[in-house]
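Visitor: You'll find my_file28.csv just under this line, and it carries CSV, C-alpha atoms and all ligand atoms.
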```csv
chain,number,residue,atom,x,y,z
A,83,MET,CA,34.2,15.1,93.7
A,84,SER,CA,30.7,14.2,95.1
A,85,ALA,CA,28.1,12.5,92.9
A,86,TYR,CA,26.3,15.9,92.7
A,87,GLY,CA,29.6,17.6,91.6
A,88,ALA,CA,30.2,14.9,89.0
A,89,LYS,CA,26.7,15.6,87.5
A,90,LEU,CA,27.4,19.3,87.3
A,91,ARG,CA,30.8,18.8,85.7
A,92,PRO,CA,29.6,18.9,82.0
A,93,TYR,CA,27.6,22.0,82.7
A,94,LEU,CA,30.6,23.7,84.4
A,95,PHE,CA,32.7,22.9,81.4
A,96,LEU,CA,30.0,24.4,79.1
A,97,ILE,CA,29.8,27.6,81.3
A,98,LEU,CA,33.6,27.9,81.2
A,99,LEU,CA,33.6,27.4,77.4
A,100,LYS,CA,31.0,30.1,77.1
A,101,CYS,CA,33.1,32.5,79.2
A,102,CYS,CA,36.1,31.9,77.1
A,103,ASP,CA,34.2,32.2,73.8
A,104,PHE,CA,36.0,35.1,72.1
A,105,SER,CA,34.5,34.6,68.7
A,106,PHE,CA,32.8,37.9,69.4
A,107,MET,CA,35.8,40.1,70.4
A,108,LEU,CA,33.4,42.9,71.2
A,109,SER,CA,29.7,42.9,71.9
A,110,LEU,CA,27.3,45.7,72.9
A,111,THR,CA,23.9,44.7,74.0
A,112,ASN,CA,21.1,47.3,74.4
A,113,VAL,CA,23.6,50.1,75.3
A,114,HIS,CA,22.1,53.4,76.4
A,115,ARG,CA,24.0,56.6,77.2
A,116,ASP,CA,22.4,59.7,78.4
A,117,VAL,CA,23.7,62.9,79.9
A,118,PRO,CA,22.1,65.5,82.1
A,119,THR,CA,21.0,68.7,80.4
A,120,ARG,CA,19.3,71.9,81.7
A,121,ASN,CA,15.9,70.6,80.6
A,122,GLY,CA,16.3,67.0,81.7
A,123,ARG,CA,18.4,64.3,80.0
A,124,PHE,CA,19.8,64.0,76.5
A,125,HIS,CA,19.8,60.5,75.1
A,126,ILE,CA,22.9,60.0,73.0
A,127,LEU,CA,22.6,56.2,72.6
A,128,LYS,CA,19.1,54.6,72.6
A,129,GLY,CA,19.8,50.9,72.8
A,130,ILE,CA,22.8,50.0,70.6
A,131,SER,CA,23.5,46.3,70.0
A,132,PHE,CA,26.1,44.8,67.7
A,133,GLU,CA,29.0,42.4,67.7
A,134,ALA,CA,32.5,42.4,66.2
A,135,GLN,CA,34.4,39.2,65.3
A,136,ALA,CA,38.0,38.2,65.1
A,137,GLY,CA,39.6,38.5,61.7
A,138,GLU,CA,36.9,41.0,60.5
A,139,VAL,CA,36.5,44.7,60.0
A,140,THR,CA,33.4,46.1,61.6
A,141,ALA,CA,32.6,49.6,60.3
A,142,LEU,CA,30.4,52.0,62.2
A,143,LEU,CA,28.8,54.4,59.8
A,144,GLY,CA,26.3,57.2,60.3
A,145,PRO,CA,25.6,60.9,59.8
A,146,ASN,CA,27.3,63.6,62.0
A,147,GLY,CA,26.1,63.4,65.5
A,148,ALA,CA,24.6,59.9,65.1
A,149,GLY,CA,26.5,58.5,68.1
A,150,LYS,CA,29.5,56.7,66.6
A,151,THR,CA,32.2,58.3,68.7
A,152,THR,CA,30.2,57.8,71.9
A,153,THR,CA,29.7,54.1,70.9
A,154,LEU,CA,33.5,53.7,70.3
A,155,SER,CA,34.3,55.4,73.6
A,156,ILE,CA,32.0,53.1,75.5
A,157,ALA,CA,33.3,50.0,73.6
A,158,GLN,CA,36.8,51.0,74.5
A,159,GLY,CA,35.9,51.5,78.2
A,160,ILE,CA,36.8,55.2,78.1
A,161,ASP,CA,33.1,56.2,78.7
A,162,LYS,CA,30.5,54.3,80.7
A,163,ALA,CA,27.2,53.2,79.4
A,164,SER,CA,24.2,54.4,81.3
A,165,SER,CA,22.7,50.9,80.9
A,166,GLY,CA,23.2,47.8,78.8
A,167,THR,CA,26.1,45.4,78.5
A,168,VAL,CA,29.5,45.8,76.9
A,169,ARG,CA,32.0,43.0,76.6
A,170,LEU,CA,35.5,43.5,75.1
A,171,LEU,CA,37.5,40.2,75.0
A,172,GLY,CA,35.0,38.8,77.4
A,173,VAL,CA,35.2,41.5,80.1
A,174,ASP,CA,33.5,44.9,80.9
A,175,PRO,CA,36.0,47.4,79.4
A,176,TYR,CA,35.1,50.2,81.8
A,177,ARG,CA,36.1,48.1,84.8
A,178,ALA,CA,38.9,46.1,83.3
A,179,GLY,CA,42.6,46.5,84.2
A,180,ALA,CA,45.9,46.6,82.4
A,181,GLY,CA,45.4,43.0,81.2
A,182,LEU,CA,42.7,44.1,78.8
A,183,ARG,CA,44.4,47.4,77.8
A,184,SER,CA,47.5,45.6,76.6
A,185,GLN,CA,45.4,43.6,74.1
A,186,VAL,CA,43.6,46.6,72.7
A,187,GLY,CA,44.9,49.2,70.3
A,188,VAL,CA,43.3,52.6,69.9
A,189,MET,CA,44.2,54.9,67.1
A,190,LEU,CA,44.6,58.4,68.6
A,191,GLN,CA,43.4,61.3,66.6
A,192,ASP,CA,45.4,64.5,66.3
A,193,GLY,CA,44.4,65.7,69.7
A,194,GLY,CA,45.7,62.5,71.4
A,195,LEU,CA,49.2,62.7,70.1
A,196,PRO,CA,51.9,64.4,72.1
A,197,MET,CA,52.8,67.3,69.8
A,198,ALA,CA,56.3,68.1,71.1
A,199,VAL,CA,57.9,64.7,70.8
A,200,THR,CA,59.1,62.9,67.6
A,201,GLY,CA,57.2,60.0,66.1
A,202,GLU,CA,60.1,57.7,66.8
A,203,ARG,CA,60.2,58.8,70.4
A,204,LEU,CA,56.5,58.2,70.8
A,205,LEU,CA,56.7,54.7,69.4
A,206,GLN,CA,59.8,53.8,71.5
A,207,HIS,CA,58.0,55.0,74.6
A,208,LEU,CA,54.9,52.9,73.8
A,209,GLN,CA,57.1,49.9,73.0
A,210,ARG,CA,58.4,49.9,76.6
A,211,LEU,CA,54.8,49.7,77.9
A,212,TYR,CA,54.2,46.2,76.4
A,213,GLN,CA,55.6,42.8,77.2
A,214,HIS,CA,55.7,41.6,73.6
A,215,PRO,CA,55.7,44.7,71.5
A,216,ALA,CA,55.9,44.9,67.7
A,217,ASP,CA,59.2,45.7,66.0
A,218,ILE,CA,58.9,49.5,65.5
A,219,GLU,CA,61.4,49.6,62.7
A,220,ALA,CA,59.2,47.2,60.7
A,221,LEU,CA,56.1,49.2,61.7
A,222,MET,CA,57.7,52.4,60.5
A,223,ASP,CA,58.8,50.8,57.3
A,224,ARG,CA,55.3,49.3,56.7
A,225,LEU,CA,53.5,52.7,57.3
A,226,ASP,CA,56.1,54.7,55.4
A,227,ILE,CA,57.1,56.7,58.5
A,228,GLN,CA,60.9,56.5,58.2
A,229,ASP,CA,61.3,59.8,56.3
A,230,PHE,CA,59.7,61.8,59.1
A,231,ARG,CA,60.5,59.7,62.2
A,232,ASP,CA,62.7,62.4,63.8
A,233,ARG,CA,60.3,65.3,63.3
A,234,PRO,CA,58.2,66.7,66.2
A,235,ILE,CA,54.6,65.6,65.7
A,236,ARG,CA,53.4,69.2,65.6
A,237,ARG,CA,55.4,69.6,62.3
A,238,LEU,CA,53.8,66.6,60.6
A,239,SER,CA,51.1,66.8,58.0
A,240,GLY,CA,47.6,65.5,58.7
A,241,GLY,CA,48.3,62.3,56.7
A,242,GLN,CA,51.6,61.7,58.4
A,243,ARG,CA,49.9,62.0,61.8
A,244,GLN,CA,47.2,59.6,60.7
A,245,ARG,CA,49.8,56.9,59.8
A,246,LEU,CA,51.8,57.6,63.1
A,247,GLY,CA,48.5,57.3,65.0
A,248,MET,CA,47.9,53.9,63.4
A,249,ALA,CA,51.5,52.7,64.2
A,250,ALA,CA,50.9,53.8,67.8
A,251,ALA,CA,47.8,51.7,67.9
A,252,LEU,CA,49.7,48.6,66.7
A,253,VAL,CA,52.8,48.7,68.8
A,254,GLY,CA,51.4,46.4,71.4
A,255,ARG,CA,50.3,43.7,68.8
A,256,PRO,CA,46.7,44.1,69.9
A,257,ARG,CA,43.9,41.5,69.3
A,258,VAL,CA,41.4,44.3,68.9
A,259,VAL,CA,42.0,47.6,67.2
A,260,PHE,CA,39.8,50.7,67.2
A,261,LEU,CA,40.4,53.1,64.3
A,262,ASP,CA,38.6,56.4,64.2
A,263,GLU,CA,38.4,57.6,60.6
A,264,PRO,CA,41.6,55.8,59.6
A,265,SER,CA,41.6,57.0,55.9
A,266,ALA,CA,40.5,60.6,56.5
A,267,GLY,CA,42.8,63.1,54.8
A,268,LEU,CA,45.1,60.5,53.3
A,269,ASP,CA,46.4,60.7,49.7
A,270,PRO,CA,45.8,57.7,47.5
A,271,VAL,CA,49.2,56.1,48.2
A,272,SER,CA,48.9,56.4,52.0
A,273,ARG,CA,45.3,55.2,51.8
A,274,GLN,CA,46.5,52.1,49.9
A,275,ILE,CA,49.2,51.5,52.6
A,276,VAL,CA,46.6,51.7,55.4
A,277,PHE,CA,44.2,49.5,53.5
A,278,GLU,CA,46.8,46.8,52.9
A,279,LEU,CA,47.8,46.9,56.6
A,280,ILE,CA,44.2,46.5,57.6
A,281,GLU,CA,43.9,43.5,55.3
A,282,GLU,CA,47.1,42.0,56.9
A,283,LEU,CA,45.7,42.5,60.4
A,284,LYS,CA,42.5,40.8,59.4
A,285,ALA,CA,44.4,37.9,58.0
A,286,VAL,CA,46.1,37.2,61.3
A,287,GLY,CA,42.8,37.3,63.2
A,288,VAL,CA,42.8,40.9,64.6
A,289,CYS,CA,39.4,42.3,65.2
A,290,ILE,CA,39.1,45.8,63.7
A,291,ILE,CA,36.4,48.3,64.6
A,292,LEU,CA,36.5,51.5,62.6
A,293,THR,CA,34.4,54.6,62.0
A,294,THR,CA,34.4,56.3,58.6
A,295,HIS,CA,32.4,58.9,56.7
A,296,LEU,CA,33.9,57.5,53.4
A,297,LEU,CA,31.3,55.0,52.3
A,298,GLU,CA,33.5,53.8,49.5
A,299,ASP,CA,36.2,52.8,52.0
A,300,ALA,CA,33.6,51.0,54.2
A,301,GLN,CA,32.3,49.2,51.1
A,302,ARG,CA,35.9,48.1,50.3
A,303,LEU,CA,37.1,47.2,53.8
A,304,ALA,CA,34.1,46.2,55.9
A,305,ASP,CA,33.0,42.6,56.6
A,306,HIS,CA,30.2,43.9,58.8
A,307,VAL,CA,28.6,47.3,58.7
A,308,VAL,CA,26.7,48.9,61.5
A,309,LEU,CA,24.7,52.0,60.4
A,310,ILE,CA,23.9,54.2,63.4
A,311,ARG,CA,21.4,57.0,63.2
A,312,ASP,CA,20.0,59.1,66.0
A,313,GLY,CA,21.6,56.8,68.7
A,314,ARG,CA,20.1,53.6,67.2
A,315,VAL,CA,21.3,50.9,64.9
A,316,GLU,CA,19.3,51.6,61.8
A,317,ALA,CA,20.7,48.7,59.8
A,318,ALA,CA,23.5,46.1,60.2
A,319,GLY,CA,24.9,43.3,58.1
A,320,SER,CA,27.5,42.5,55.5
A,321,VAL,CA,27.9,45.0,52.6
A,322,GLU,CA,26.2,42.4,50.4
A,323,GLU,CA,23.3,42.0,52.7
A,324,LEU,CA,22.8,45.7,53.0
A,325,THR,CA,23.1,46.4,49.3
A,326,SER,CA,20.7,43.6,48.3
A,327,THR,CA,17.7,44.7,50.3
A,328,GLY,CA,15.5,47.7,50.2
A,329,LEU,CA,14.8,49.7,47.1
A,330,ARG,CA,16.0,48.3,43.8
A,331,PRO,CA,18.5,50.6,42.1
A,332,PRO,CA,17.0,52.2,39.1
A,333,PHE,CA,17.6,51.1,35.5
A,334,THR,CA,19.4,54.0,33.7
A,335,PHE,CA,20.1,54.9,30.1
A,336,ARG,CA,22.1,57.7,28.6
A,337,VAL,CA,21.3,59.4,25.3
A,338,ARG,CA,23.2,61.7,23.1
A,339,GLU,CA,20.4,64.1,22.5
A,340,GLU,CA,17.6,65.4,24.6
A,341,LEU,CA,14.3,63.4,24.6
A,342,THR,CA,11.4,65.3,23.1
A,343,THR,CA,8.2,66.0,24.9
A,344,GLU,CA,6.4,63.6,22.6
A,345,GLN,CA,8.9,60.8,23.3
A,346,GLN,CA,8.5,61.4,27.0
A,347,GLN,CA,4.7,61.5,26.8
A,348,ASP,CA,4.6,58.2,24.9
A,349,PHE,CA,6.7,56.4,27.5
A,350,PRO,CA,5.2,53.1,28.6
A,351,SER,CA,2.7,54.1,31.3
A,352,HIS,CA,3.6,51.3,33.8
A,353,LEU,CA,7.2,52.5,33.9
A,354,LYS,CA,8.4,55.8,35.4
A,355,LEU,CA,10.9,57.9,33.5
A,356,SER,CA,12.9,60.6,35.3
A,357,ARG,CA,16.2,62.4,35.0
A,358,ASP,CA,19.0,61.1,37.0
A,359,GLU,CA,19.5,63.9,39.4
A,360,LEU,CA,22.8,62.6,40.8
A,361,VAL,CA,24.5,62.9,37.5
A,362,SER,CA,25.3,66.4,36.3
A,363,ASP,CA,24.9,65.3,32.7
A,364,SER,CA,21.2,65.6,32.3
A,365,LEU,CA,21.1,63.2,29.4
A,366,VAL,CA,21.1,60.3,31.9
A,367,TRP,CA,17.5,59.0,32.5
A,368,CYS,CA,16.3,56.6,35.2
A,369,VAL,CA,13.5,54.1,34.6
A,370,ALA,CA,11.7,52.8,37.7
A,371,GLY,CA,9.6,49.7,37.5
A,372,ILE,CA,11.9,47.4,35.4
A,373,GLU,CA,11.2,44.1,37.1
A,374,THR,CA,10.8,41.5,34.3
A,375,PRO,CA,12.1,40.8,30.8
A,376,ALA,CA,8.6,42.0,29.6
A,377,ASP,CA,9.3,45.5,31.2
A,378,LEU,CA,12.7,45.6,29.5
A,379,HIS,CA,11.0,44.7,26.2
A,380,ALA,CA,8.5,47.5,26.7
A,381,LEU,CA,11.4,49.9,27.1
A,382,THR,CA,13.3,48.7,24.0
A,383,ALA,CA,10.1,48.7,22.0
A,384,TRP,CA,9.6,52.4,22.9
A,385,MET,CA,13.3,53.1,21.9
A,386,LEU,CA,12.7,51.4,18.6
A,387,LYS,CA,9.5,53.3,17.9
A,388,HIS,CA,11.1,56.7,18.7
A,389,ASN,CA,14.5,55.9,17.2
A,390,VAL,CA,16.2,56.4,20.6
A,391,MET,CA,19.6,54.7,20.5
A,392,PRO,CA,21.2,54.8,24.0
A,393,MET,CA,24.9,55.4,24.5
A,394,ASP,CA,24.7,53.0,27.4
A,395,MET,CA,22.1,51.4,29.6
A,396,GLY,CA,21.8,49.0,32.4
A,397,LEU,CA,20.8,48.0,35.9
A,398,ASN,CA,23.0,49.7,38.4
A,399,SER,CA,24.4,47.8,41.3
A,400,LYS,CA,23.5,49.3,44.7
A,401,SER,CA,26.3,50.8,46.7
A,402,LEU,CA,26.6,51.4,50.4
A,403,GLU,CA,26.2,55.0,49.6
A,404,ASP,CA,22.7,54.3,48.1
A,405,VAL,CA,21.8,52.4,51.2
A,406,PHE,CA,23.0,55.3,53.4
A,407,TRP,CA,20.9,57.8,51.4
A,408,GLU,CA,17.9,55.5,51.5
A,409,LEU,CA,18.1,55.0,55.3
A,410,THR,CA,18.8,58.6,56.2
A,411,ALA,CA,16.5,60.1,53.6
A,412,HIS,CA,14.2,61.7,56.1
A,413,ASP,CA,17.2,63.5,57.7
A,414,HIS,CA,17.8,65.3,54.4
A,415,ALA,CA,14.2,65.9,53.5
B,501,LIG,N1,29.0,64.7,76.9
B,501,LIG,C1,28.0,65.1,76.1
B,501,LIG,N2,27.1,66.0,76.5
B,501,LIG,C2,26.1,66.4,75.7
B,501,LIG,N3,25.9,65.9,74.4
B,501,LIG,C3,26.8,65.1,73.9
B,501,LIG,C4,27.9,64.6,74.7
B,501,LIG,N4,28.7,63.8,74.0
B,501,LIG,C5,28.1,63.7,72.8
B,501,LIG,N5,27.0,64.5,72.7
B,501,LIG,C6,26.1,64.7,71.6
B,501,LIG,O1,25.6,63.4,71.2
B,501,LIG,C7,25.5,63.3,69.8
B,501,LIG,C8,26.4,62.1,69.3
B,501,LIG,O2,27.8,62.5,69.4
B,501,LIG,P1,28.9,61.6,68.8
B,501,LIG,O3,30.2,62.4,68.9
B,501,LIG,O4,28.9,60.3,69.4
B,501,LIG,O5,28.5,61.5,67.2
B,501,LIG,P2,29.3,61.0,65.9
B,501,LIG,O6,28.3,60.1,65.3
B,501,LIG,O7,30.6,60.5,66.3
B,501,LIG,O8,29.4,62.3,65.1
B,501,LIG,P3,30.5,62.8,64.0
B,501,LIG,O9,30.3,62.0,62.8
B,501,LIG,O10,30.1,64.2,63.8
B,501,LIG,O11,31.8,62.7,64.6
B,501,LIG,C9,25.9,64.6,69.3
B,501,LIG,O12,24.7,65.4,69.1
B,501,LIG,C10,26.7,65.2,70.4
B,501,LIG,O13,26.7,66.7,70.4
```
What is this structure when it is put down as structure tokens?
Guide:
Amino acid sequence: MSAYGAKLRPYLFLILLKCCDFSFMLSLTNVHRDVPTRNGRFHILKGISFEAQAGEVTALLGPNGAGKTTTLSIAQGIDKASSGTVRLLGVDPYRAGAGLRSQVGVMLQDGGLPMAVTGERLLQHLQRLYQHPADIEALMDRLDIQDFRDRPIRRLSGGQRQRLGMAAALVGRPRVVFLDEPSAGLDPVSRQIVFELIEELKAVGVCIILTTHLLEDAQRLADHVVLIRDGRVEAAGSVEELTSTGLRPPFTFRVREELTTEQQQDFPSHLKLSRDELVSDSLVWCVAGIETPADLHALTAWMLKHNVMPMDMGLNSKSLEDVFWELTAHDHA
């Protein structure tokens, strides 16, 4: 190697290292997607950026029509971004060949499953497409598919199809798995099976990207949440990061009997008392403005003065659902 080449060697090594850096299994940078319409162009995605890492669950959340499915399709390479950069295992998924496909599992929704064949036949067929497939007997055991393995897919219930769709996504032992609404329509037992499997996949370093409308599921499963609204990333971070920012959840207390007008009128003026509208039981009250022990003292002094003994009271922890409502409040106004 020339002296110039020798000087370049450390840099070449660094560039090579960067190209092989798969700590982000998936990255989208400023991705736009627009489609022609009669009056011009409709912008479905308006600059989506996020990353998904190995051994983590990344959950895409958002209201109907936000752009989640379009984002997933582009991330998988089924659809093409109008602009921006997509990297799946280091390559552009839209242009990539079979080498990438064999490392990526996609959970097919109902429409994508061949209705006439049996679940077992489908899994056997998929098994032959991969060099190092999973053991499908073990997969069928794990997802509780054995009982209906020989039934045509069209005869299966929604929950059975969901589990078969998940098995189909895992036959090739993928490094990255895309799951569209994996827990939709599942009974509690099937849901638990799917959740445990997702945890096992995480533990062996699989990168899981899922969409869900069930915020409770996202809260339980996701390491990283990407909240999409109107084609943009409205918020992103861990569940803890998202639930510890923004509005503080209200302090609530529950009483056995209705508060009188006099009690309400004498409430400490720097605190705001209102009924908790999310609870059908109207005897739950929210108190906004409790920031310090002195505020708490003002509240309990008012209770003492008016002989109000709460059945329970406390500061609520914020859920992903609260964050979702906060961020999408103007959509529902
Ligand atoms: N090919 C297309 N042509 C025109 N509009 C489209 C096209 N594909 C998607 N859209 C529109 O883009 C928006 C986002 O669609 P997308 O399916 O990505 O949303 P989503 O977040 O997955 O919604 P949902 O939660 O209802 O499944 C919707 O308004 C949809 O009607």
Visitor: So that I can check the surroundings of region 133-141 of chain A, please list as a PyMOL selection string every protein, DNA and RNA residue that reaches within 7 Å of it, counting all atoms listed in the file and ignoring chain neighbours fewer than 4 positions away.
Guide: chain A and resi 105-110+284-293+300+303-308
Visitor: Using Å and a single decimal, report how far CA of His125 (chain A) sits from CA of Thr167 (chain A).
Guide: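 Computing the Euclidean distance for CA of Thr167 (chain A) and CA of His125 (chain A) yields 16.7 Å.
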Visitor: Any residue with an atom at most 7 Å from ligand LIG 501 (chain B) counts, using only C-alpha atoms and all ligand atoms. Which are they? Put them as a ChimeraX atom specification.
Guide: /A:117,124,126,144-153
Visitor: Determine the nearest neighbour of Leu225 (chain A) from the options A:Leu246, A:Leu261, A:Leu268, A:Leu127, counting only C-alpha atoms.
Guide: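 Checking each candidate against Leu225 (chain A), we get A:Leu246 as the closest.
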Visitor: If you measure from CA of Glu316 (chain A) to CA of Trp407 (chain A), what distance in Å do you get, rounded to one decimal?
Guide: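 Straight-line distance from CA of Glu316 (chain A) to CA of Trp407 (chain A) works out to 12.2 Å.
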Visitor: For Ile160 (chain A), find every residue with an atom within 10 Å (counting all atoms listed in the file), except residues of its own chain fewer than 6 positions away, and show them as number ranges by chain.
Guide: A: 152, 154, 175-177
Visitor: One decimal, in Å: what's the spacing between CA of Gly181 (chain A) and CA of His207 (chain A)?
Guide: 18.6 Å
Visitor: Once you've located region 181-252 of chain A in the structure I gave, write it as a PDB file, in the first residue's frame, keeping C-alpha atoms.
Guide:
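So the final result, stored in result.pdb, reads:
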```pdb
ATOM      1  CA  GLY A 181     -30.555 -11.239   0.928  1.00  0.00           C
ATOM      2  CA  LEU A 182     -32.482  -8.622   2.888  1.00  0.00           C
ATOM      3  CA  ARG A 183     -35.900 -10.258   2.507  1.00  0.00           C
ATOM      4  CA  SER A 184     -34.682 -13.462   4.177  1.00  0.00           C
ATOM      5  CA  GLN A 185     -33.733 -11.488   7.291  1.00  0.00           C
ATOM      6  CA  VAL A 186     -37.024  -9.641   7.615  1.00  0.00           C
ATOM      7  CA  GLY A 187     -40.325 -11.065   8.870  1.00  0.00           C
ATOM      8  CA  VAL A 188     -43.611  -9.407   8.028  1.00  0.00           C
ATOM      9  CA  MET A 189     -46.833 -10.380   9.741  1.00  0.00           C
ATOM     10  CA  LEU A 190     -49.482 -10.634   7.064  1.00  0.00           C
ATOM     11  CA  GLN A 191     -52.923  -9.407   7.941  1.00  0.00           C
ATOM     12  CA  ASP A 192     -55.988 -11.440   6.932  1.00  0.00           C
ATOM     13  CA  GLY A 193     -55.862 -10.224   3.356  1.00  0.00           C
ATOM     14  CA  GLY A 194     -52.326 -11.495   2.859  1.00  0.00           C
ATOM     15  CA  LEU A 195     -52.938 -15.102   3.919  1.00  0.00           C
ATOM     16  CA  PRO A 196     -53.860 -17.678   1.245  1.00  0.00           C
ATOM     17  CA  MET A 197     -57.381 -18.641   2.352  1.00  0.00           C
ATOM     18  CA  ALA A 198     -57.642 -22.064   0.650  1.00  0.00           C
ATOM     19  CA  VAL A 199     -54.575 -23.724   2.193  1.00  0.00           C
ATOM     20  CA  THR A 200     -54.154 -25.014   5.735  1.00  0.00           C
ATOM     21  CA  GLY A 201     -51.964 -23.225   8.273  1.00  0.00           C
ATOM     22  CA  GLU A 202     -49.579 -26.170   8.352  1.00  0.00           C
ATOM     23  CA  ARG A 203     -49.222 -26.156   4.545  1.00  0.00           C
ATOM     24  CA  LEU A 204     -48.510 -22.434   4.554  1.00  0.00           C
ATOM     25  CA  LEU A 205     -45.788 -22.790   7.182  1.00  0.00           C
ATOM     26  CA  GLN A 206     -44.231 -25.795   5.384  1.00  0.00           C
ATOM     27  CA  HIS A 207     -44.201 -23.805   2.150  1.00  0.00           C
ATOM     28  CA  LEU A 208     -42.550 -20.792   3.813  1.00  0.00           C
ATOM     29  CA  GLN A 209     -40.049 -23.070   5.538  1.00  0.00           C
ATOM     30  CA  ARG A 210     -38.734 -24.194   2.142  1.00  0.00           C
ATOM     31  CA  LEU A 211     -38.001 -20.605   1.114  1.00  0.00           C
ATOM     32  CA  TYR A 212     -35.367 -20.143   3.820  1.00  0.00           C
ATOM     33  CA  GLN A 213     -31.888 -21.579   4.241  1.00  0.00           C
ATOM     34  CA  HIS A 214     -32.066 -21.791   8.037  1.00  0.00           C
ATOM     35  CA  PRO A 215     -35.762 -21.877   8.913  1.00  0.00           C
ATOM     36  CA  ALA A 216     -37.279 -22.229  12.350  1.00  0.00           C
ATOM     37  CA  ASP A 217     -38.667 -25.555  13.513  1.00  0.00           C
ATOM     38  CA  ILE A 218     -42.336 -25.160  12.545  1.00  0.00           C
ATOM     39  CA  GLU A 219     -43.541 -27.812  15.014  1.00  0.00           C
ATOM     40  CA  ALA A 220     -41.999 -25.765  17.840  1.00  0.00           C
ATOM     41  CA  LEU A 221     -43.470 -22.574  16.388  1.00  0.00           C
ATOM     42  CA  MET A 222     -46.947 -24.137  16.179  1.00  0.00           C
ATOM     43  CA  ASP A 223     -46.601 -25.346  19.781  1.00  0.00           C
ATOM     44  CA  ARG A 224     -45.436 -21.933  20.927  1.00  0.00           C
ATOM     45  CA  LEU A 225     -48.327 -20.085  19.277  1.00  0.00           C
ATOM     46  CA  ASP A 226     -50.922 -22.731  20.151  1.00  0.00           C
ATOM     47  CA  ILE A 227     -51.644 -23.531  16.498  1.00  0.00           C
ATOM     48  CA  GLN A 228     -51.572 -27.358  16.693  1.00  0.00           C
ATOM     49  CA  ASP A 229     -55.340 -27.725  17.221  1.00  0.00           C
ATOM     50  CA  PHE A 230     -56.218 -26.000  13.964  1.00  0.00           C
ATOM     51  CA  ARG A 231     -53.107 -26.730  11.882  1.00  0.00           C
ATOM     52  CA  ASP A 232     -55.035 -28.815   9.307  1.00  0.00           C
ATOM     53  CA  ARG A 233     -57.962 -26.419   8.790  1.00  0.00           C
ATOM     54  CA  PRO A 234     -58.159 -24.156   5.711  1.00  0.00           C
ATOM     55  CA  ILE A 235     -57.267 -20.588   6.692  1.00  0.00           C
ATOM     56  CA  ARG A 236     -60.694 -19.349   5.571  1.00  0.00           C
ATOM     57  CA  ARG A 237     -62.262 -21.441   8.353  1.00  0.00           C
ATOM     58  CA  LEU A 238     -60.063 -19.964  11.099  1.00  0.00           C
ATOM     59  CA  SER A 239     -61.237 -17.376  13.598  1.00  0.00           C
ATOM     60  CA  GLY A 240     -59.714 -13.895  13.601  1.00  0.00           C
ATOM     61  CA  GLY A 241     -57.511 -14.692  16.598  1.00  0.00           C
ATOM     62  CA  GLN A 242     -56.303 -17.967  15.052  1.00  0.00           C
ATOM     63  CA  ARG A 243     -55.374 -16.149  11.837  1.00  0.00           C
ATOM     64  CA  GLN A 244     -53.491 -13.536  13.867  1.00  0.00           C
ATOM     65  CA  ARG A 245     -51.359 -16.231  15.511  1.00  0.00           C
ATOM     66  CA  LEU A 246     -50.783 -18.005  12.200  1.00  0.00           C
ATOM     67  CA  GLY A 247     -49.767 -14.666  10.650  1.00  0.00           C
ATOM     68  CA  MET A 248     -47.243 -14.227  13.427  1.00  0.00           C
ATOM     69  CA  ALA A 249     -45.867 -17.763  12.951  1.00  0.00           C
ATOM     70  CA  ALA A 250     -45.527 -17.069   9.207  1.00  0.00           C
ATOM     71  CA  ALA A 251     -43.515 -13.930  10.000  1.00  0.00           C
ATOM     72  CA  LEU A 252     -41.131 -15.919  12.204  1.00  0.00           C
TER      73      LEU A 252
END
```
